[in-house]
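Chemist: Questions regarding the structure given below will be posed in turn.
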Amino acid sequence: MPLQSIELFAGAGGLALGFSGHGVTHRAVVEWNPHACQTIRNNKRENVAPVSHWPDVTEGDVRGFRYEGLQGVDLVTGGPPCQPFSMGGKAGGFLDARDMFPQAIRAVREARPRAFVFENVQGLKREAFADYLRYILRQLEFPSLLARKGEEWPRHLARLDKHKGAGAASEYRVEWRLVNAANYGVPQKRMRIFIVGFRADIDTGYAFPEPTHSQDALLLSQWGTGEYWESHRVAKRHRPARPEGIERKLQGLLDSDPADILLPWGTVRDAIADLPDPEKRPDVELVQAHRFQPGARSYAGHTGSPLDEPAKALKAGDHGVPGGENMLRRPDGSVRYFTVRESARIQTFPDSFIFEGTWGEVMRQLGNAVPVRLASVMAGSVCEHLRAARRDELRLAVA
């Protein structure tokens with residue numbers, strides 16, 4: 001029997017795609033942005049797997065979504081809007097009307113899923129939000145202990161702490177971790193918080209997946225063995241300058257146990273090497289959504305993503321596309337904007353995936369998305385624990 005989920009704050013569907021890849025059936029997919037909703041509809045209409053098997057997207061404010069008939073579902077997943085906690089935004093936190101963590105908590109309280117997975121920006125762990133993060137986690141641990149009418153959140157937090165301190169049994173076991181997407185094979189340095197919880201009746205012993213890729217392995221491949229340059233057929237004259245002071249580090253890596261070396265970080269070149277340069281090839285619309293966008297410029301603090309490193313975190317931006325984060329910087333120092341298809345590659349969406357909207361709107365969808373590969377890694381660990389728990393339940397039932 002497949003696992004079933006409710007996907008909230010779906011955006012373009014990155015997190016949902018990751019869970020679909022692990023045999024999860026979506027009972028509901030909820031998103032308010034009309035362009036993102038149309039992106040999901042386009043892929044459903046064009047029979048793009050696995051979106052073709054998703055239910056029709058529910059377009060609207062999650063505050064109006066009801067969970068009747070969905071109680072006891074296996075999973076609730078989603079990425080509540082990150083702008084309230086983003087270091088690139090206004091950082092209004094709980095004072096920002098876009099803070100949807102209360103709705104994520106309501107979903108857990110009303111649907112009573114066996115597990116949940118929520119994703120957000122690393123800004124949520126800033127010192128300014130430390131107490132509020134603890135408040136989110138405590139509410140997810142005890143979702144049925146609601147705030148009283150007119151009760152401000154610090155008082156509610158104090159009451160939740162007192163409840164736990166009195167020995168109350170947790171309703172959910174909640175864990176969180178800050179992860180770098182590059183450490184899991186995504187060609188992008190994207191720091192994100194994942195909050196994972198399992199209902200208390202599920203004995204899981206859950207642990208977050210360990211990194212599979214590393215910067216050290218990339219440096220070794222580039223400047224130790226040279227395998228990286230050879231695989232991409234990059235002549236020495238076209239390579240960036242050798243980093244200063246790298247020899248001692250390389251010697252340490254070469255002397256280490258090969259079993260301790262992870263896979264190399266993926267780079268922008270790894271992600272887009274087989275795509276023609278849209279600035280030099282005006283006929284590249286043979287590749288869907290791979291059109292040159294003029295206007296990129298480099299300025300202090302916004303210098304683009306080097307071709308031979310993981311990209312900087314793609315960002316959505318409140319006022320248009322943030323140039324520094326969504327630009328490619330070639331070894332000669334020249335820059336250009338990433339195309340939609342290149343950005344989708346960096347966010348590890350499949351090439352068959354079709355996006356709806358203008359270039360700026362689609363880049364906003366991509367900047368808000370969970371990288372599909374990172375979503376898949378997290379989904380794999382959570383789904384395996386849920387399936388293991390189900391197998392244990394069946395064994396006890398027949399014993």
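As shown in the structure tokens, the chain order sets the letters A, B, ...; within each chain, residues go from 1, and ligands are also counted from 1 in the order they appear.
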With only C-alpha atoms as the counted atoms, please give the residues lying no more than 8 Å from Arg173 in chain A, apart from itself and same-chain residues fewer than 6 positions off, as a PDB file with C-alpha atoms, in the first residue's frame.

Modeler:
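That gives us selection_20.pdb:
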ATOM      1  CA  GLU A 141       5.439  18.416  19.566  1.00  0.00           C
ATOM      2  CA  GLY A 197       8.277  14.757  13.108  1.00  0.00           C
ATOM      3  CA  PHE A 198       6.828  11.300  13.719  1.00  0.00           C
ATOM      4  CA  ARG A 199       3.678  10.610  15.685  1.00  0.00           C
ATOM      5  CA  ALA A 200       4.534   9.295  19.136  1.00  0.00           C
TER       6      ALA A 200
END

Chemist: Can you list, as a VMD selection string, every residue of range 124-272 of chain A that DSSP puts in strand (DSSP E or B)?

Modeler: chain A and resid 172 to 180 188 to 189 191 to 199 213 to 214 263 to 264

Chemist: Just to be explicit: take each residue in the selection above, keep C-alpha atoms, and write the result as a tab-separated table (two decimals), in the first residue's frame.

Modeler:
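So again.tsv came out as:
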chain	number	residue	atom	x	y	z
A	172	TYR	CA	5.06	13.97	18.03
A	173	ARG	CA	8.79	13.35	18.20
A	174	VAL	CA	10.31	16.33	16.41
A	175	GLU	CA	13.82	16.75	15.01
A	176	TRP	CA	15.35	19.52	12.91
A	177	ARG	CA	18.58	20.04	11.04
A	178	LEU	CA	20.25	22.70	8.92
A	179	VAL	CA	21.54	21.09	5.72
A	180	ASN	CA	23.51	22.23	2.68
A	188	GLN	CA	24.02	24.62	-5.44
A	189	LYS	CA	25.12	25.91	-2.03
A	191	MET	CA	21.30	26.08	3.24
A	192	ARG	CA	17.88	24.98	4.40
A	193	ILE	CA	16.24	23.84	7.64
A	194	PHE	CA	14.22	20.64	7.63
A	195	ILE	CA	11.82	19.89	10.47
A	196	VAL	CA	10.74	16.24	10.67
A	197	GLY	CA	8.28	14.76	13.11
A	198	PHE	CA	6.83	11.30	13.72
A	199	ARG	CA	3.68	10.61	15.68
A	213	HIS	CA	29.10	14.83	-1.36
A	214	SER	CA	31.78	17.26	-0.19
A	263	LEU	CA	31.57	12.21	-3.92
A	264	PRO	CA	32.52	15.64	-5.29

Chemist: Identify all residues of range 37-155 of chain A in alpha helix (DSSP H) (DSSP on the backbone) and supply them as a PyMOL selection string.

Modeler: chain A and resi 37-45+101-111+130-141+153-155

Chemist: With only C-alpha atoms as the counted atoms, please give the residues lying no more than 12 Å from Trp359 in chain A, apart from itself and same-chain residues fewer than 4 positions off, as an MDAnalysis selection string.

Modeler: chainID A and resid 35 289:294 316 320:321 326 337:341 343 355 363:367

Chemist: Restricting the output to N, CA and C atoms, write the selected residues as a compact mmCIF listing (two decimals), in the first residue's frame.

Modeler:
# COMPACT_ATOMS: atom_id res chain seq x y z
N HIS A 35 0.49 31.34 -10.80
CA HIS A 35 1.48 30.90 -11.78
C HIS A 35 2.03 29.53 -11.41
N ALA A 289 12.64 26.49 -22.73
CA ALA A 289 12.88 27.50 -21.68
C ALA A 289 14.37 27.82 -21.51
N HIS A 290 15.11 27.83 -22.63
CA HIS A 290 16.55 28.11 -22.57
C HIS A 290 16.85 29.31 -23.46
N ARG A 291 16.36 30.48 -23.03
CA ARG A 291 16.48 31.70 -23.82
C ARG A 291 17.35 32.71 -23.08
N PHE A 292 18.21 33.39 -23.83
CA PHE A 292 19.09 34.41 -23.26
C PHE A 292 18.29 35.59 -22.74
N GLN A 293 18.62 36.04 -21.53
CA GLN A 293 17.97 37.19 -20.91
C GLN A 293 19.02 38.28 -20.73
N PRO A 294 18.91 39.40 -21.42
CA PRO A 294 19.93 40.45 -21.31
C PRO A 294 19.81 41.21 -19.99
N ALA A 316 14.32 34.09 -4.90
CA ALA A 316 13.11 34.56 -5.56
C ALA A 316 13.11 36.08 -5.65
N GLY A 320 11.68 41.59 -8.27
CA GLY A 320 12.41 41.13 -9.44
C GLY A 320 13.44 40.07 -9.10
N VAL A 321 14.24 39.71 -10.10
CA VAL A 321 15.22 38.64 -9.94
C VAL A 321 16.51 39.18 -9.34
N ASN A 326 21.49 34.81 -9.28
CA ASN A 326 20.92 34.10 -10.43
C ASN A 326 21.70 34.37 -11.70
N TYR A 337 22.71 36.14 -17.05
CA TYR A 337 21.69 35.50 -16.26
C TYR A 337 21.58 34.02 -16.63
N PHE A 338 21.28 33.20 -15.63
CA PHE A 338 20.90 31.82 -15.94
C PHE A 338 19.57 31.83 -16.69
N THR A 339 19.43 30.92 -17.64
CA THR A 339 18.13 30.74 -18.28
C THR A 339 17.23 29.95 -17.34
N VAL A 340 15.96 29.88 -17.69
CA VAL A 340 15.02 29.08 -16.89
C VAL A 340 15.48 27.64 -16.84
N ARG A 341 15.86 27.09 -17.98
CA ARG A 341 16.25 25.67 -18.00
C ARG A 341 17.50 25.44 -17.17
N SER A 343 18.47 27.21 -14.58
CA SER A 343 18.05 27.33 -13.17
C SER A 343 17.32 26.07 -12.73
N PHE A 355 7.43 25.16 -17.08
CA PHE A 355 7.10 26.23 -16.14
C PHE A 355 6.19 27.26 -16.79
N MET A 363 11.46 32.44 -12.54
CA MET A 363 12.65 32.46 -11.68
C MET A 363 12.24 32.60 -10.21
N ARG A 364 11.12 33.28 -9.97
CA ARG A 364 10.62 33.37 -8.61
C ARG A 364 10.15 32.00 -8.12
N GLN A 365 9.47 31.27 -8.99
CA GLN A 365 9.04 29.91 -8.62
C GLN A 365 10.25 29.04 -8.31
N LEU A 366 11.28 29.15 -9.16
CA LEU A 366 12.47 28.32 -8.96
C LEU A 366 13.24 28.76 -7.71
N GLY A 367 13.30 30.06 -7.46
CA GLY A 367 13.99 30.54 -6.27
C GLY A 367 13.33 30.11 -4.98

Chemist: Tell me which protein, DNA and RNA residues are within 12 Å of Lys312 in chain A, counting only C-alpha atoms, leaving out same-chain ones fewer than 5 positions away, and put them as an MDAnalysis selection string.

Modeler: chainID A and resid 180:182 186:191 267:268 301:307 322:329 338 343 346:347 367

Chemist: Applying 12 Å and only C-alpha atoms, which residues near Val234 in chain A remain after dropping the ones on its own chain fewer than 5 positions away? List them as a list in words.

Modeler: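 Using only C-alpha atoms, the neighbours found are Gln222, Gly226, Glu227, Tyr228, Trp229, Arg239, Pro240, Arg269, Ala273, Leu307, Asp308 and Pro331 of chain A.
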
Chemist: Enter the distance from CA of Asp161 in chain A to CA of Pro102 in chain A, in Å, rounded to one decimal.

Modeler: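 So the answer is 17.8 Å.
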